[in-house]
file entry_11.csv (CSV, C-alpha atoms)
chain,number,residue,atom,x,y,z
P,1,MET,CA,-3.7,0.3,36.1
P,2,ASN,CA,-1.6,1.5,33.2
P,3,GLU,CA,-3.1,1.7,29.7
P,4,PRO,CA,-1.8,-1.0,27.4
P,5,LYS,CA,1.3,0.0,25.5
P,6,ALA,CA,-0.1,-0.9,22.1
P,7,LEU,CA,-3.4,-1.9,20.5
P,8,LEU,CA,-3.8,-4.4,17.6
P,9,VAL,CA,-6.7,-3.9,15.2
P,10,LEU,CA,-7.2,-7.3,13.7
P,11,HIS,CA,-9.0,-8.0,10.5
P,12,GLY,CA,-12.0,-10.2,11.3
P,13,LYS,CA,-10.9,-13.0,8.9
P,14,GLN,CA,-7.8,-13.5,11.1
P,15,ALA,CA,-9.7,-13.9,14.4
P,16,LEU,CA,-8.9,-17.6,14.6
P,17,ASN,CA,-5.3,-17.3,13.5
P,18,ASP,CA,-3.4,-19.6,15.9
P,19,GLU,CA,0.0,-18.4,15.0
P,20,LEU,CA,-1.0,-14.8,15.7
P,21,ARG,CA,-2.6,-15.8,19.0
P,22,ALA,CA,0.6,-17.6,20.1
P,23,ALA,CA,2.6,-14.5,19.1
P,24,VAL,CA,0.4,-12.2,21.1
P,25,ASN,CA,0.7,-14.4,24.2
P,26,GLU,CA,4.4,-14.7,23.8
P,27,TRP,CA,4.7,-10.9,23.5
P,28,ARG,CA,2.7,-10.4,26.6
P,29,GLN,CA,4.7,-13.0,28.5
P,30,LEU,CA,7.8,-10.9,27.8
P,31,GLY,CA,6.2,-8.1,29.9
P,32,ASN,CA,4.7,-6.1,27.0
P,33,GLU,CA,1.2,-4.7,27.2
P,34,LEU,CA,-0.9,-5.4,24.1
P,35,ALA,CA,-4.6,-5.2,23.6
P,36,VAL,CA,-6.5,-6.7,20.7
P,37,ARG,CA,-9.7,-5.6,18.9
P,38,VAL,CA,-11.3,-7.4,16.0
P,39,THR,CA,-13.2,-5.9,13.1
P,40,TRP,CA,-16.6,-7.2,12.0
P,41,GLU,CA,-18.0,-4.9,9.4
P,42,ALA,CA,-17.2,-1.9,7.2
P,43,GLY,CA,-16.3,1.1,9.3
P,44,ASP,CA,-15.0,-0.9,12.2
P,45,THR,CA,-11.3,-0.1,11.5
P,46,ALA,CA,-11.8,3.7,11.6
P,47,ARG,CA,-14.0,3.4,14.7
P,48,LEU,CA,-11.5,1.2,16.6
P,49,VAL,CA,-8.7,3.6,15.8
P,50,GLN,CA,-10.7,6.5,17.1
P,51,GLU,CA,-11.6,4.7,20.3
P,52,ALA,CA,-8.0,3.6,20.8
P,53,LEU,CA,-6.7,7.2,20.4
P,54,ALA,CA,-9.4,8.5,22.8
P,55,ALA,CA,-8.3,5.9,25.3
P,56,GLY,CA,-4.7,7.2,25.1
P,57,TYR,CA,-3.0,4.5,23.0
P,58,ARG,CA,0.1,5.9,21.4
P,59,THR,CA,1.0,2.8,19.3
P,60,LEU,CA,-1.4,1.0,17.0
P,61,ILE,CA,-0.9,-2.2,15.0
P,62,ALA,CA,-2.6,-3.1,11.7
P,63,GLY,CA,-3.2,-6.9,11.7
P,64,GLY,CA,-4.2,-7.7,8.1
P,65,GLY,CA,-3.2,-7.0,4.6
P,66,ASP,CA,-2.4,-3.9,2.7
P,67,GLY,CA,-6.1,-2.8,2.9
P,68,THR,CA,-6.1,-2.9,6.7
P,69,ALA,CA,-2.9,-0.8,6.8
P,70,ARG,CA,-4.5,1.7,4.4
P,71,GLU,CA,-7.6,2.0,6.5
P,72,MET,CA,-5.6,2.5,9.7
P,73,THR,CA,-3.3,5.0,8.0
P,74,GLN,CA,-6.3,7.0,6.8
P,75,ALA,CA,-7.9,7.0,10.2
P,76,LEU,CA,-4.7,8.2,11.9
P,77,LEU,CA,-4.3,11.0,9.4
P,78,GLU,CA,-7.9,12.1,9.7
P,79,SER,CA,-7.5,12.2,13.5
P,80,GLY,CA,-4.5,14.5,13.4
P,81,SER,CA,-2.8,12.2,16.0
P,82,ASP,CA,1.0,11.5,15.9
P,83,ALA,CA,0.5,8.0,17.3
P,84,SER,CA,2.7,5.4,15.6
P,85,LEU,CA,1.7,2.5,13.4
P,86,ALA,CA,3.1,-1.0,13.2
P,87,ILE,CA,2.1,-3.7,10.7
P,88,VAL,CA,1.6,-7.4,11.3
P,89,PRO,CA,1.2,-8.8,7.7
P,90,LEU,CA,-1.7,-11.2,7.5
P,91,GLY,CA,-3.0,-10.6,4.0
P,92,THR,CA,-2.6,-12.7,0.8
P,93,ALA,CA,0.2,-10.8,-0.9
P,94,ASN,CA,1.4,-8.4,1.8
P,95,ASP,CA,3.0,-6.3,-1.0
P,96,PHE,CA,3.9,-3.3,1.2
P,97,ALA,CA,5.4,-5.5,4.0
P,98,GLN,CA,7.3,-7.6,1.5
P,99,ALA,CA,8.9,-4.6,-0.1
P,100,ALA,CA,9.6,-3.0,3.3
P,101,GLU,CA,11.0,-6.3,4.6
P,102,ILE,CA,8.6,-6.3,7.5
P,103,PRO,CA,8.8,-9.9,8.9
P,104,LEU,CA,5.9,-12.1,7.8
P,105,THR,CA,5.8,-14.1,11.0
P,106,PRO,CA,3.6,-12.4,13.6
P,107,PHE,CA,5.9,-12.5,16.5
P,108,GLU,CA,8.9,-11.2,14.5
P,109,ALA,CA,6.7,-8.4,13.2
P,110,LEU,CA,5.7,-7.5,16.8
P,111,THR,CA,9.4,-7.1,17.7
P,112,LEU,CA,9.4,-4.0,15.4
P,113,LEU,CA,7.5,-2.3,18.3
P,114,ASN,CA,10.9,-2.1,20.0
P,115,ARG,CA,12.2,0.1,17.2
P,116,GLU,CA,11.6,3.9,17.1
P,117,PRO,CA,9.1,4.8,14.4
P,118,VAL,CA,10.3,6.7,11.3
P,119,SER,CA,8.3,9.4,9.5
P,120,VAL,CA,7.2,8.2,6.1
P,121,ASP,CA,5.2,9.6,3.2
P,122,VAL,CA,1.5,8.8,2.5
P,123,GLY,CA,-0.2,9.0,-0.9
P,124,GLU,CA,-3.6,10.6,-1.5
P,125,MET,CA,-6.0,10.5,-4.4
P,126,ASN,CA,-9.0,12.8,-4.4
P,127,GLY,CA,-9.0,12.7,-0.6
P,128,GLU,CA,-8.5,8.9,-0.3
P,129,THR,CA,-5.3,7.7,1.4
P,130,PHE,CA,-2.9,5.0,0.3
P,131,LEU,CA,0.3,3.8,1.9
P,132,ASN,CA,1.6,1.5,-0.8
P,133,MET,CA,0.5,2.0,-4.4
P,134,ALA,CA,-2.2,3.2,-6.7
P,135,THR,CA,-2.7,1.0,-9.7
P,136,GLY,CA,-4.8,1.6,-12.7
P,137,GLY,CA,-6.1,-0.1,-15.9
P,138,PHE,CA,-6.5,-3.8,-16.5
P,139,GLY,CA,-4.0,-4.7,-13.7
P,140,SER,CA,-6.1,-3.0,-11.0
P,141,LYS,CA,-9.3,-4.8,-12.3
P,142,VAL,CA,-7.4,-8.1,-12.0
P,143,THR,CA,-6.5,-7.3,-8.4
P,144,ALA,CA,-10.1,-6.2,-7.5
P,145,THR,CA,-11.8,-9.3,-9.1
P,146,THR,CA,-9.5,-12.1,-7.8
P,147,SER,CA,-11.6,-14.2,-5.6
P,148,GLU,CA,-10.9,-14.6,-1.9
P,149,GLU,CA,-11.1,-18.4,-2.2
P,150,LEU,CA,-8.4,-18.4,-5.0
P,151,LYS,CA,-6.2,-16.1,-2.9
P,152,ARG,CA,-6.6,-18.4,0.1
P,153,VAL,CA,-5.5,-21.4,-2.0
P,154,LEU,CA,-2.8,-19.9,-4.2
P,155,GLY,CA,-1.7,-16.8,-2.4
P,156,GLY,CA,-0.1,-14.1,-4.6
P,157,SER,CA,-0.2,-16.5,-7.6
P,158,ALA,CA,-3.9,-16.0,-7.7
P,159,TYR,CA,-3.5,-12.6,-9.3
P,160,LEU,CA,-1.5,-14.1,-12.1
P,161,LEU,CA,-4.0,-16.8,-12.7
P,162,THR,CA,-6.9,-14.4,-12.7
P,163,GLY,CA,-5.1,-12.1,-15.2
P,164,LEU,CA,-4.3,-14.9,-17.6
P,165,SER,CA,-7.9,-16.2,-17.5
P,166,ARG,CA,-9.3,-12.7,-18.4
P,167,PHE,CA,-7.3,-11.9,-21.5
P,168,SER,CA,-10.5,-11.9,-23.5
P,169,GLU,CA,-11.6,-8.8,-21.4
P,170,LEU,CA,-8.4,-6.9,-22.1
P,171,ARG,CA,-9.0,-3.3,-23.0
P,172,ALA,CA,-6.6,-0.4,-23.1
P,173,ALA,CA,-7.6,2.9,-21.3
P,174,TRP,CA,-6.8,6.4,-22.6
P,175,GLY,CA,-5.5,9.0,-20.2
P,176,ARG,CA,-3.7,12.3,-19.9
P,177,PHE,CA,-1.0,12.6,-17.2
P,178,VAL,CA,0.4,15.9,-16.1
P,179,GLY,CA,2.9,16.6,-13.3
P,180,PRO,CA,5.9,18.8,-12.6
P,181,GLU,CA,8.0,18.7,-15.8
P,182,PHE,CA,6.2,15.6,-16.9
P,183,ALA,CA,3.3,15.1,-19.4
P,184,TRP,CA,2.1,12.1,-21.3
P,185,GLU,CA,-1.1,11.0,-22.9
P,186,GLY,CA,-2.3,7.9,-24.8
P,187,ASP,CA,-3.6,4.4,-24.5
P,188,PHE,CA,-2.2,2.4,-21.6
P,189,LEU,CA,-2.6,-1.1,-20.2
P,190,ALA,CA,-1.4,-0.5,-16.6
P,191,LEU,CA,-0.5,2.3,-14.3
P,192,GLY,CA,1.5,2.3,-11.1
P,193,ILE,CA,1.8,5.4,-8.9
P,194,GLY,CA,4.1,4.2,-6.2
P,195,ASN,CA,4.8,5.3,-2.7
P,196,GLY,CA,5.8,1.7,-2.3
P,197,ARG,CA,7.2,-0.6,-4.9
P,198,GLN,CA,5.0,-3.5,-5.7
P,199,SER,CA,1.3,-4.5,-6.0
P,200,GLY,CA,-0.9,-7.3,-7.2
P,201,GLY,CA,1.0,-10.2,-5.6
P,202,GLY,CA,4.6,-9.1,-6.2
P,203,GLN,CA,4.5,-7.0,-9.4
P,204,GLN,CA,7.3,-4.5,-9.0
P,205,LEU,CA,5.9,-1.6,-11.1
P,206,CYS,CA,8.0,0.9,-9.2
P,207,PRO,CA,11.1,-0.9,-8.1
P,208,GLN,CA,13.1,2.2,-7.0
P,209,ALA,CA,10.3,3.9,-5.0
P,210,SER,CA,11.0,5.2,-1.5
P,211,ILE,CA,8.5,6.2,1.2
P,212,ASP,CA,10.5,9.1,2.6
P,213,ASP,CA,11.6,11.0,-0.4
P,214,GLY,CA,8.4,13.2,-0.9
P,215,LEU,CA,7.9,11.7,-4.4
P,216,PHE,CA,5.8,9.2,-6.3
P,217,ASP,CA,7.4,6.8,-8.8
P,218,ILE,CA,5.2,6.7,-11.9
P,219,CYS,CA,5.1,3.7,-14.2
P,220,ILE,CA,2.8,3.8,-17.3
P,221,VAL,CA,2.7,0.7,-19.5
P,222,PRO,CA,1.5,2.0,-23.0
P,223,ALA,CA,-0.7,-0.2,-25.1
P,224,PRO,CA,1.4,-1.4,-28.1
P,225,ALA,CA,0.3,-3.6,-31.0
P,226,ASP,CA,1.3,-6.7,-29.0
P,227,THR,CA,-1.1,-5.9,-26.2
P,228,VAL,CA,-1.5,-9.5,-24.9
P,229,GLY,CA,2.3,-10.1,-25.0
P,230,THR,CA,3.0,-6.9,-23.0
P,231,LEU,CA,0.4,-7.6,-20.4
P,232,GLY,CA,1.6,-11.2,-20.1
P,233,THR,CA,5.1,-9.8,-19.3
P,234,LEU,CA,3.5,-7.5,-16.7
P,235,LEU,CA,1.5,-10.2,-15.0
P,236,SER,CA,4.3,-12.7,-14.9
P,237,GLY,CA,6.6,-10.3,-13.1
P,238,GLY,CA,9.0,-9.7,-16.0
P,239,LEU,CA,10.6,-6.6,-14.7
P,240,LEU,CA,13.2,-6.3,-17.5
P,241,GLY,CA,10.4,-6.5,-20.1
P,242,ILE,CA,8.4,-3.8,-18.3
P,243,ASP,CA,11.4,-1.5,-18.2
P,244,THR,CA,11.7,-1.6,-22.0
P,245,VAL,CA,8.1,-0.5,-22.7
P,246,SER,CA,7.1,1.7,-19.7
P,247,VAL,CA,7.0,5.4,-19.3
P,248,THR,CA,8.4,6.5,-16.0
P,249,ALA,CA,8.7,9.6,-13.9
P,250,ARG,CA,9.3,10.7,-10.3
P,251,VAL,CA,7.0,13.6,-9.2
P,252,PRO,CA,5.5,15.0,-6.0
P,253,TRP,CA,2.0,15.1,-7.6
P,254,ILE,CA,0.3,14.0,-10.8
P,255,GLU,CA,-3.1,14.7,-12.3
P,256,VAL,CA,-4.9,12.2,-14.5
P,257,GLU,CA,-7.9,12.8,-16.7
P,258,ALA,CA,-9.8,10.6,-19.1
P,259,PRO,CA,-12.9,10.5,-21.2
P,260,ASP,CA,-14.1,7.4,-19.5
P,261,GLU,CA,-13.7,6.2,-15.9
P,262,ILE,CA,-10.4,4.6,-15.1
P,263,ASP,CA,-10.3,1.7,-12.7
P,264,ILE,CA,-8.0,2.6,-9.8
P,265,ASN,CA,-7.0,0.3,-6.9
P,266,LEU,CA,-5.6,1.9,-3.7
P,267,ASP,CA,-3.9,-0.8,-1.6
P,268,GLY,CA,-6.6,-3.2,-2.5
P,269,GLU,CA,-9.6,-0.8,-2.4
P,270,PRO,CA,-11.2,-0.3,-5.9
P,271,PHE,CA,-12.3,3.1,-7.1
P,272,ALA,CA,-13.1,4.6,-10.5
P,273,ALA,CA,-12.9,8.2,-11.7
P,274,LYS,CA,-12.4,10.3,-14.8
P,275,ARG,CA,-10.4,13.0,-13.0
P,276,MET,CA,-7.8,12.2,-10.3
P,277,ARG,CA,-5.2,14.2,-8.5
P,278,PHE,CA,-2.5,12.2,-6.7
P,279,SER,CA,-0.3,14.0,-4.1
P,280,VAL,CA,2.3,13.1,-1.5
P,281,LYS,CA,1.7,13.9,2.1
P,282,ARG,CA,5.3,14.3,3.1
P,283,ARG,CA,6.3,12.2,6.1
P,284,ALA,CA,2.8,12.3,7.5
P,285,LEU,CA,2.9,8.9,9.3
P,286,ARG,CA,5.1,7.5,12.0
P,287,LEU,CA,5.8,3.8,11.1
P,288,HIS,CA,7.7,1.0,12.7
P,289,LEU,CA,10.1,-0.5,10.1
P,290,PRO,CA,13.1,-2.8,10.3
P,291,ASP,CA,16.5,-1.3,10.3
P,292,GLY,CA,17.7,-0.7,6.8
P,293,SER,CA,14.3,-1.2,5.2
P,294,PRO,CA,14.7,-1.0,1.4
P,295,LEU,CA,11.9,1.5,1.2
P,296,LEU,CA,13.9,4.1,3.1
P,297,ARG,CA,16.3,6.2,1.1
P,298,ASP,CA,19.8,6.3,2.5
P,299,GLU,CA,20.3,9.9,1.4
P,300,PRO,CA,17.7,12.6,0.9
P,301,LEU,CA,17.0,13.6,-2.7
P,302,PRO,CA,18.1,17.1,-3.6
P,303,ARG,CA,15.5,19.8,-4.1
P,304,ALA,CA,15.6,22.0,-7.1
P,305,ASP,CA,17.5,24.6,-5.1
P,306,GLY,CA,20.2,22.0,-4.4
P,307,GLU,CA,19.3,21.6,-0.7
P,308,PRO,CA,18.4,18.2,0.7
P,309,ALA,CA,14.7,17.4,0.5

call {"tool": "encode", "arguments": {"input": "entry_11.csv", "output": "structure tokens"}}
result
Amino acid sequence: MNEPKALLVLHGKQALNDELRAAVNEWRQLGNELAVRVTWEAGDTARLVQEALAAGYRTLIAGGGDGTAREMTQALLESGSDASLAIVPLGTANDFAQAAEIPLTPFEALTLLNREPVSVDVGEMNGETFLNMATGGFGSKVTATTSEELKRVLGGSAYLLTGLSRFSELRAAWGRFVGPEFAWEGDFLALGIGNGRQSGGGQQLCPQASIDDGLFDICIVPAPADTVGTLGTLLSGGLLGIDTVSVTARVPWIEVEAPDEIDINLDGEPFAAKRMRFSVKRRALRLHLPDGSPLLRDEPLPRADGEPA
């Protein structure tokens, strides 16, 4: 008997998802082999990826939100395998999938398995992997503290409501940022280090980011006198307003240091640190994406020597 063509690692909260079950059945009825494994507790995603690779699976599918995709990406990179990854978006905001134009309906997302995977960049912070974006400051705290019940009821709008309700807790953080031909220090409200483009339920902090250019897009929102007004613009998705106040850069790595711990969110996973180094792992992951995905750059960026990157 042949090994299944692909294995879906499904976040446990989606185990009773009827639309997904119908999509898997329809996919199998078309003659495709697809196995499903469900997570139950912390560590299951990495374990299931390891077991799948040991069993000879060459294509894995992340069934969940940005956090599930991040966990599977990290497990694949740690394994050293060149197995490919597909994403069936089942989270609240699905920020990476939305920006990449991965279909949000399960069956349509599965059809991307018919497309050849492309090699994409992966971000890393102090050894922790992220596929989409690292966010820091007040915005990352909002993302980390938005309740699951509120997300279930309101979807991506839950992040906005949580942010608006927590203005009384608003505090700027101080940080020093250093990268190739870039340096900035000062008080800031929000930070985006983008491999992808958006986070926190559709906030496009890095609207020009690409996942195959070897670079991060950096967006730092300084803390001005009108702190509440600036953060209100950020949380309400006012991209034009963000452009007028943000500090931006495009770098292959950046180091951040601060006197106090900075709250950092990596694709939904909260961390805190005083010293951080972010770097791009160039085209480290083979990912199934739609043709013409906006996250893929049409032409390679030139290197300093003038040759294509």

call {"tool": "residues_around", "arguments": {"input": "entry_11.csv", "residues": "Glu19 in chain P", "least_positions_apart": "6", "cutoff": "10 Å", "atoms": "all atoms listed in the file", "output": "MDAnalysis selection string"}}
result
chainID P and resid 105:107

call {"tool": "atom_distance", "arguments": {"input": "entry_11.csv", "atom1": "CA of Leu110 in chain P", "atom2": "CA of His288 in chain P"}}
result
9.6 Å

call {"tool": "closest_residue", "arguments": {"input": "entry_11.csv", "among": "P:Ala209, P:Leu76, P:Ala35, P:Ile61", "to": "Ala109 in chain P", "atoms": "all atoms listed in the file"}}
result
P:Ile61

call {"tool": "atom_distance", "arguments": {"input": "entry_11.csv", "atom1": "CA of Pro222 in chain P", "atom2": "CA of Ser246 in chain P"}}
result
6.5 Å

call {"tool": "residues_near_point", "arguments": {"input": "entry_11.csv", "point": "(-0.9, 9.4, -22.9)", "cutoff": "9 Å", "atoms": "all atoms listed in the file", "output": "list of chain:residue names"}}
result
P:Trp174, P:Gly175, P:Arg176, P:Phe177, P:Ala183, P:Trp184, P:Glu185, P:Gly186, P:Asp187, P:Phe188, P:Ile220, P:Pro222

call {"tool": "atom_distance", "arguments": {"input": "entry_11.csv", "atom1": "CA of Asp291 in chain P", "atom2": "CA of Leu113 in chain P"}}
result
12.1 Å

call {"tool": "closest_residue", "arguments": {"input": "entry_11.csv", "among": "P:Asp212, P:Glu78, P:Asp95, P:Asp260", "to": "Ala172 in chain P", "atoms": "only C-alpha atoms"}}
result
P:Asp260

call {"tool": "closest_residue", "arguments": {"input": "entry_11.csv", "among": "P:Leu60, P:Leu20, P:Val49, P:Ala83", "to": "Glu108 in chain P", "atoms": "only C-alpha atoms"}}
result
P:Leu20

call {"tool": "residues_around", "arguments": {"input": "entry_11.csv", "residues": "Val178 in chain P", "least_positions_apart": "4", "cutoff": "12 Å", "atoms": "only C-alpha atoms", "output": "list in words"}}
result
Phe182, Ala183, Trp184, Glu185, Ile218, Ala249, Arg250, Val251, Pro252, Trp253, Ile254, Glu255, Val256, Glu257, Ala258, Arg275, Met276, Arg277 and Phe278 of chain P

call {"tool": "closest_residue", "arguments": {"input": "entry_11.csv", "among": "P:Leu112, P:Ala62, P:Ala52, P:Ala134", "to": "Trp27 in chain P", "atoms": "all atoms listed in the file"}}
result
P:Leu112

call {"tool": "closest_residue", "arguments": {"input": "entry_11.csv", "among": "P:Leu7, P:Ala55, P:Ala22, P:Leu287", "to": "Leu34 in chain P", "atoms": "only C-alpha atoms"}}
result
P:Leu7

call {"tool": "closest_residue", "arguments": {"input": "entry_11.csv", "among": "P:Pro294, P:Gly179, P:Gly67, P:Gly80", "to": "Thr129 in chain P", "atoms": "only C-alpha atoms"}}
result
P:Gly67

call {"tool": "residues_near_point", "arguments": {"input": "entry_11.csv", "point": "(7.3, 13.9, -1.2)", "cutoff": "7 Å", "atoms": "only C-alpha atoms", "output": "PyMOL selection string"}}
result
chain P and resi 121+212-215+252+280-282

call {"tool": "residues_around", "arguments": {"input": "entry_11.csv", "residues": "Leu191 in chain P", "least_positions_apart": "5", "cutoff": "6 Å", "atoms": "only C-alpha atoms", "output": "PyMOL selection string"}}
result
chain P and resi 135-136+219-220
